[in-house]
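*Asks:* Encoded as structure tokens, here's the structure I'll be asking about.
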Amino acid sequence: MFQLTELQHDALIEIFNLGVGQAAAAMSRIVGDEVTMSVPMISFQSRAEVARTLGSDEGRRICAITQHFQGAFSTEAFLMFPEEKSLEIVRLMVGQSLSLEELSEMEQEAMSEIGNIILNCCMGAFANAAGKELQGSLPTYHVGTGDNILGVSGKEWDGVVLTLKIDFNIERHHIYGYVAFLLDMPALNDLQRYIDAYLAKLMG
Amino acid sequence: MTTVLVVDDSKVSRLLSKQYILQRHPDWTIAEAASGEEAIDKVEAVGPDLILLDLNMPGMGGLAAVDQLQAKCPSARITLLTANVQDATREKANALGIGFAAKPITEALIDEILSAFGKQ
């Protein structure tokens, strides 16, 4: 069974918190409003549990922007919102200058760019903390249930998956969403080595 | 007359950059390209004073396009405008002698870029 030591776990939370703080600041600049974030959640889950984490027990449809990152370790990154909120988020991003038709036309593309910014903020913190570069793919946009979204990564996700998840809330507009990063077993071993390198760097 | 070439595969990013620049300078000309290759193809004809260059695009990325953009239009100032906030990316921009600005594109960020360009 894969396990992180208490020190490795704390280090992972610390780096993730840094990234989340930057992501919250970026999201706040995008929507021009305050964005609050929850405490990061780290858990080891089965595929079925991950699908529920990404979606809901009721199989509600969500809008997800996904990106694959690789380098010191690899991960599938997800930014998710309720499907019905995405147009409102794009409106907050571009302001009132576009018609509803124009807004709808650029909805997917604008959401992809938001995902690109938010997910890169989080991964940038990981890259900078240990001085190790991570390469990100182009963002892709999907709508579906948690299980659908999990399927688009092309991975089987059999065995244990590490899920890093953070909830965020744009309270004034009643918009909530979350960011999640999934790592399978080979990626977990790389992540452990990455954290050890980060701790070694910290301790000189 | 000042001309800016906005290079980004994201239509909304091009739209925001264009909108914020034109709000400040309605007489400027804004040209657009959706990839590094397209930027290289049109840079001589456009003759930009400033190039806002995204990094992560389909095909040739922004950094890979810098050498050819500089060769074809040596007088243009280039600022990398990217979601990639990694130190390694900033260092690569520094090494190439170009500016660096982190997305999201906001009015304040465009002010900063134009101020560094000396035309705010």
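Each chain of the structure tokens is named A, B, ... in the order shown, its residues numbered from 1; ligands are numbered from 1 in display order.
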Quick one: which residues from chain A are at most 12 Å off chain B, using only C-alpha atoms, as a tab-separated table (two decimals) with N, CA and C atoms, in the first residue's frame?
*Replies:*
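Output below, filename part.tsv:
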```tsv
chain	number	residue	atom	x	y	z
A	19	GLY	N	-0.11	26.90	-4.50
A	19	GLY	CA	-0.71	26.91	-5.84
A	19	GLY	C	-2.16	27.36	-5.82
A	22	GLN	N	-2.47	31.07	-5.39
A	22	GLN	CA	-2.24	31.76	-6.67
A	22	GLN	C	-3.42	31.59	-7.61
A	23	ALA	N	-4.00	30.38	-7.59
A	23	ALA	CA	-5.15	30.11	-8.45
A	23	ALA	C	-6.36	30.95	-8.03
A	24	ALA	N	-6.55	31.09	-6.72
A	24	ALA	CA	-7.67	31.90	-6.22
A	24	ALA	C	-7.50	33.36	-6.65
A	25	ALA	N	-6.25	33.85	-6.54
A	25	ALA	CA	-5.98	35.24	-6.94
A	25	ALA	C	-6.25	35.42	-8.43
A	26	ALA	N	-5.83	34.43	-9.23
A	26	ALA	CA	-6.04	34.51	-10.68
A	26	ALA	C	-7.53	34.46	-11.00
A	27	MET	N	-8.24	33.55	-10.35
A	27	MET	CA	-9.69	33.44	-10.59
A	27	MET	C	-10.39	34.73	-10.21
A	28	SER	N	-9.95	35.32	-9.12
A	28	SER	CA	-10.54	36.57	-8.66
A	28	SER	C	-10.33	37.69	-9.70
A	29	ARG	N	-9.14	37.72	-10.31
A	29	ARG	CA	-8.87	38.73	-11.35
A	29	ARG	C	-9.72	38.45	-12.59
A	30	ILE	N	-9.95	37.18	-12.89
A	30	ILE	CA	-10.75	36.83	-14.08
A	30	ILE	C	-12.19	37.29	-13.91
A	31	VAL	N	-12.78	37.02	-12.75
A	31	VAL	CA	-14.21	37.31	-12.58
A	31	VAL	C	-14.46	38.65	-11.91
A	32	GLY	N	-13.37	39.31	-11.46
A	32	GLY	CA	-13.51	40.63	-10.85
A	32	GLY	C	-14.26	40.59	-9.54
A	67	GLN	N	-6.27	19.09	-18.32
A	67	GLN	CA	-4.93	19.25	-18.88
A	67	GLN	C	-4.04	18.15	-18.31
A	69	PHE	N	-0.25	17.16	-17.26
A	69	PHE	CA	1.07	17.73	-16.97
A	69	PHE	C	2.06	16.60	-16.79
A	90	VAL	N	-18.18	33.03	-18.10
A	90	VAL	CA	-17.61	33.69	-19.29
A	90	VAL	C	-18.06	35.14	-19.35
A	91	ARG	N	-19.32	35.40	-18.98
A	91	ARG	CA	-19.83	36.78	-18.94
A	91	ARG	C	-19.01	37.63	-17.96
A	92	LEU	N	-18.69	37.05	-16.80
A	92	LEU	CA	-17.88	37.77	-15.81
A	92	LEU	C	-16.48	38.04	-16.36
A	93	MET	N	-15.98	37.11	-17.16
A	93	MET	CA	-14.62	37.25	-17.71
A	93	MET	C	-14.54	38.35	-18.77
A	94	VAL	N	-15.49	38.34	-19.71
A	94	VAL	CA	-15.36	39.27	-20.85
A	94	VAL	C	-16.15	40.56	-20.68
A	95	GLY	N	-16.98	40.64	-19.62
A	95	GLY	CA	-17.74	41.86	-19.40
A	95	GLY	C	-19.01	41.88	-20.22
A	97	SER	N	-19.67	43.49	-23.01
A	97	SER	CA	-19.56	44.00	-24.38
A	97	SER	C	-20.08	43.03	-25.44
A	98	LEU	N	-20.27	41.76	-25.11
A	98	LEU	CA	-20.68	40.80	-26.13
A	98	LEU	C	-22.16	40.43	-25.99
A	102	GLU	N	-22.80	35.86	-29.15
A	102	GLU	CA	-21.33	35.87	-29.21
A	102	GLU	C	-20.73	35.14	-28.02
A	103	LEU	N	-21.36	35.37	-26.86
A	103	LEU	CA	-20.90	34.75	-25.62
A	103	LEU	C	-20.99	33.23	-25.72
A	104	SER	N	-22.11	32.74	-26.22
A	104	SER	CA	-22.32	31.29	-26.35
A	104	SER	C	-21.31	30.70	-27.32
A	105	GLU	N	-21.02	31.45	-28.38
A	105	GLU	CA	-20.06	30.97	-29.38
A	105	GLU	C	-18.68	30.75	-28.78
A	106	MET	N	-18.32	31.63	-27.83
A	106	MET	CA	-16.97	31.51	-27.31
A	106	MET	C	-16.91	30.84	-25.93
A	107	GLU	N	-18.04	30.26	-25.52
A	107	GLU	CA	-18.11	29.67	-24.18
A	107	GLU	C	-17.05	28.59	-23.94
A	108	GLN	N	-16.98	27.62	-24.84
A	108	GLN	CA	-16.04	26.50	-24.64
A	108	GLN	C	-14.60	26.99	-24.64
A	109	GLU	N	-14.35	27.88	-25.60
A	109	GLU	CA	-12.98	28.36	-25.77
A	109	GLU	C	-12.57	29.22	-24.57
A	110	ALA	N	-13.49	30.03	-24.06
A	110	ALA	CA	-13.20	30.89	-22.90
A	110	ALA	C	-13.01	30.05	-21.63
A	111	MET	N	-13.86	29.03	-21.48
A	111	MET	CA	-13.71	28.15	-20.32
A	111	MET	C	-12.37	27.40	-20.37
A	112	SER	N	-11.97	27.02	-21.58
A	112	SER	CA	-10.67	26.34	-21.72
A	112	SER	C	-9.53	27.26	-21.27
A	113	GLU	N	-9.64	28.53	-21.64
A	113	GLU	CA	-8.59	29.47	-21.26
A	113	GLU	C	-8.59	29.69	-19.75
A	114	ILE	N	-9.77	29.74	-19.13
A	114	ILE	CA	-9.83	29.87	-17.67
A	114	ILE	C	-9.17	28.65	-17.02
A	115	GLY	N	-9.51	27.46	-17.54
A	115	GLY	CA	-8.89	26.25	-17.00
A	115	GLY	C	-7.38	26.28	-17.15
A	116	ASN	N	-6.93	26.71	-18.32
A	116	ASN	CA	-5.50	26.82	-18.59
A	116	ASN	C	-4.81	27.70	-17.54
A	117	ILE	N	-5.43	28.82	-17.22
A	117	ILE	CA	-4.83	29.77	-16.26
A	117	ILE	C	-4.83	29.18	-14.85
A	118	ILE	N	-5.97	28.67	-14.42
A	118	ILE	CA	-6.10	28.17	-13.04
A	118	ILE	C	-5.23	26.94	-12.81
A	119	LEU	N	-5.27	26.00	-13.73
A	119	LEU	CA	-4.50	24.76	-13.55
A	119	LEU	C	-3.00	25.04	-13.62
A	120	ASN	N	-2.61	25.97	-14.48
A	120	ASN	CA	-1.19	26.33	-14.56
A	120	ASN	C	-0.71	27.04	-13.30
A	121	CYS	N	-1.59	27.80	-12.65
A	121	CYS	CA	-1.21	28.42	-11.37
A	121	CYS	C	-0.87	27.34	-10.35
A	122	CYS	N	-1.72	26.35	-10.26
A	122	CYS	CA	-1.49	25.27	-9.29
A	122	CYS	C	-0.21	24.51	-9.61
A	123	MET	N	-0.05	24.13	-10.88
A	123	MET	CA	1.12	23.34	-11.24
A	123	MET	C	2.39	24.18	-11.22
A	124	GLY	N	2.24	25.48	-11.46
A	124	GLY	CA	3.40	26.38	-11.38
A	124	GLY	C	4.01	26.36	-9.99
A	125	ALA	N	3.14	26.28	-8.98
A	125	ALA	CA	3.64	26.24	-7.60
A	125	ALA	C	4.47	24.97	-7.37
A	126	PHE	N	3.99	23.86	-7.93
A	126	PHE	CA	4.75	22.61	-7.79
A	126	PHE	C	6.09	22.71	-8.52
A	127	ALA	N	6.06	23.27	-9.71
A	127	ALA	CA	7.31	23.38	-10.49
A	127	ALA	C	8.30	24.29	-9.78
A	128	ASN	N	7.81	25.42	-9.29
A	128	ASN	CA	8.72	26.40	-8.68
A	128	ASN	C	9.25	25.94	-7.34
A	129	ALA	N	8.43	25.21	-6.57
A	129	ALA	CA	8.85	24.80	-5.23
A	129	ALA	C	10.11	23.95	-5.27
A	130	ALA	N	10.18	23.06	-6.24
A	130	ALA	CA	11.34	22.17	-6.30
A	130	ALA	C	12.28	22.51	-7.45
A	131	GLY	N	11.98	23.59	-8.17
A	131	GLY	CA	12.83	23.98	-9.30
A	131	GLY	C	12.81	22.94	-10.41
A	132	LYS	N	11.67	22.29	-10.59
A	132	LYS	CA	11.57	21.26	-11.64
A	132	LYS	C	10.44	21.63	-12.59
A	133	GLU	N	10.76	21.70	-13.87
A	133	GLU	CA	9.78	22.17	-14.85
A	133	GLU	C	8.72	21.09	-15.14
A	134	LEU	N	7.49	21.54	-15.32
A	134	LEU	CA	6.40	20.62	-15.71
A	134	LEU	C	5.82	21.13	-17.03
A	135	GLN	N	5.63	20.23	-17.98
A	135	GLN	CA	5.06	20.64	-19.27
A	135	GLN	C	3.57	20.31	-19.30
A	136	GLY	N	2.78	21.29	-19.67
A	136	GLY	CA	1.33	21.08	-19.73
A	136	GLY	C	0.85	20.93	-21.16
A	137	SER	N	-0.15	20.08	-21.36
A	137	SER	CA	-0.78	19.95	-22.68
A	137	SER	C	-1.72	21.13	-22.89
A	138	LEU	N	-2.29	21.21	-24.08
A	138	LEU	CA	-3.33	22.22	-24.31
A	138	LEU	C	-4.58	21.81	-23.54
A	139	PRO	N	-5.34	22.78	-23.04
A	139	PRO	CA	-6.55	22.43	-22.29
A	139	PRO	C	-7.64	21.88	-23.20
```
*Asks:* Where does DSSP see strand (DSSP E or B) in range 19-114 of chain A, if you list the residues as a ChimeraX atom specification?
*Replies:* /A:36-37,41-45,62-71,75-82
*Asks:* Keeping only C-alpha atoms, take the residues you just selected and write them out as a tab-separated table (two decimals), in the first residue's frame.
*Replies:*
```tsv
chain	number	residue	atom	x	y	z
A	36	THR	CA	-12.85	31.80	-1.44
A	37	MET	CA	-11.14	28.42	-1.36
A	41	MET	CA	-8.25	17.55	0.47
A	42	ILE	CA	-5.82	14.72	-0.17
A	43	SER	CA	-7.18	11.19	-0.40
A	44	PHE	CA	-6.45	7.80	-1.90
A	45	GLN	CA	-9.45	6.56	-3.84
A	62	ILE	CA	-20.46	19.06	-15.07
A	63	CYS	CA	-18.31	21.22	-17.26
A	64	ALA	CA	-14.65	20.24	-16.99
A	65	ILE	CA	-11.45	21.61	-18.42
A	66	THR	CA	-8.66	19.07	-18.33
A	67	GLN	CA	-4.93	19.25	-18.88
A	68	HIS	CA	-2.17	16.67	-18.64
A	69	PHE	CA	1.07	17.73	-16.97
A	70	GLN	CA	4.31	15.81	-17.06
A	71	GLY	CA	7.86	16.24	-15.95
A	75	THR	CA	-0.91	14.24	-13.35
A	76	GLU	CA	-4.31	14.78	-14.91
A	77	ALA	CA	-5.64	18.16	-13.84
A	78	PHE	CA	-9.33	19.11	-13.80
A	79	LEU	CA	-11.17	22.39	-13.30
A	80	MET	CA	-14.88	21.79	-12.86
A	81	PHE	CA	-18.06	23.85	-12.65
A	82	PRO	CA	-21.74	23.00	-12.76
```
*Asks:* Select from range 13-183 of chain A everything DSSP, run on the backbone, classes as helix (DSSP H, G or I), then give the selection as a ChimeraX atom specification.
*Replies:* /A:13-31,47-54,83-94,100-105,107-130,146-151,171-173
*Asks:* Ile113 in chain B: which residues within 10 Å, counting only C-alpha atoms, same-chain residues fewer than 6 positions away excluded, as a PDB file with C-alpha atoms, in the first residue's frame?
*Replies:*
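Contents of out.pdb, freshly written:
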```
ATOM      1  CA  LEU B  50       4.832  45.300 -29.849  1.00  0.00           C
ATOM      2  CA  LEU B  52       2.058  39.903 -27.200  1.00  0.00           C
ATOM      3  CA  THR B  79       6.230  40.202 -24.275  1.00  0.00           C
ATOM      4  CA  LEU B  81       1.837  36.663 -22.134  1.00  0.00           C
ATOM      5  CA  GLY B  99       9.231  40.580 -21.416  1.00  0.00           C
ATOM      6  CA  PHE B 100       7.096  38.283 -19.302  1.00  0.00           C
ATOM      7  CA  ALA B 101       3.514  38.795 -18.107  1.00  0.00           C
ATOM      8  CA  GLU B 107      -6.913  45.964 -17.688  1.00  0.00           C
ATOM      9  CA  LYS B 119       3.266  53.803 -24.275  1.00  0.00           C
ATOM     10  CA  GLN B 120       0.730  53.681 -21.447  1.00  0.00           C
TER      11      GLN B 120
END
```
*Asks:* Find the spatial neighbours of Thr29 in chain B, counting only C-alpha atoms, within a cut-off of 7 Å - ignore same-chain residues fewer than 6 positions away - and output them as a count of residues only.
*Replies:* 3
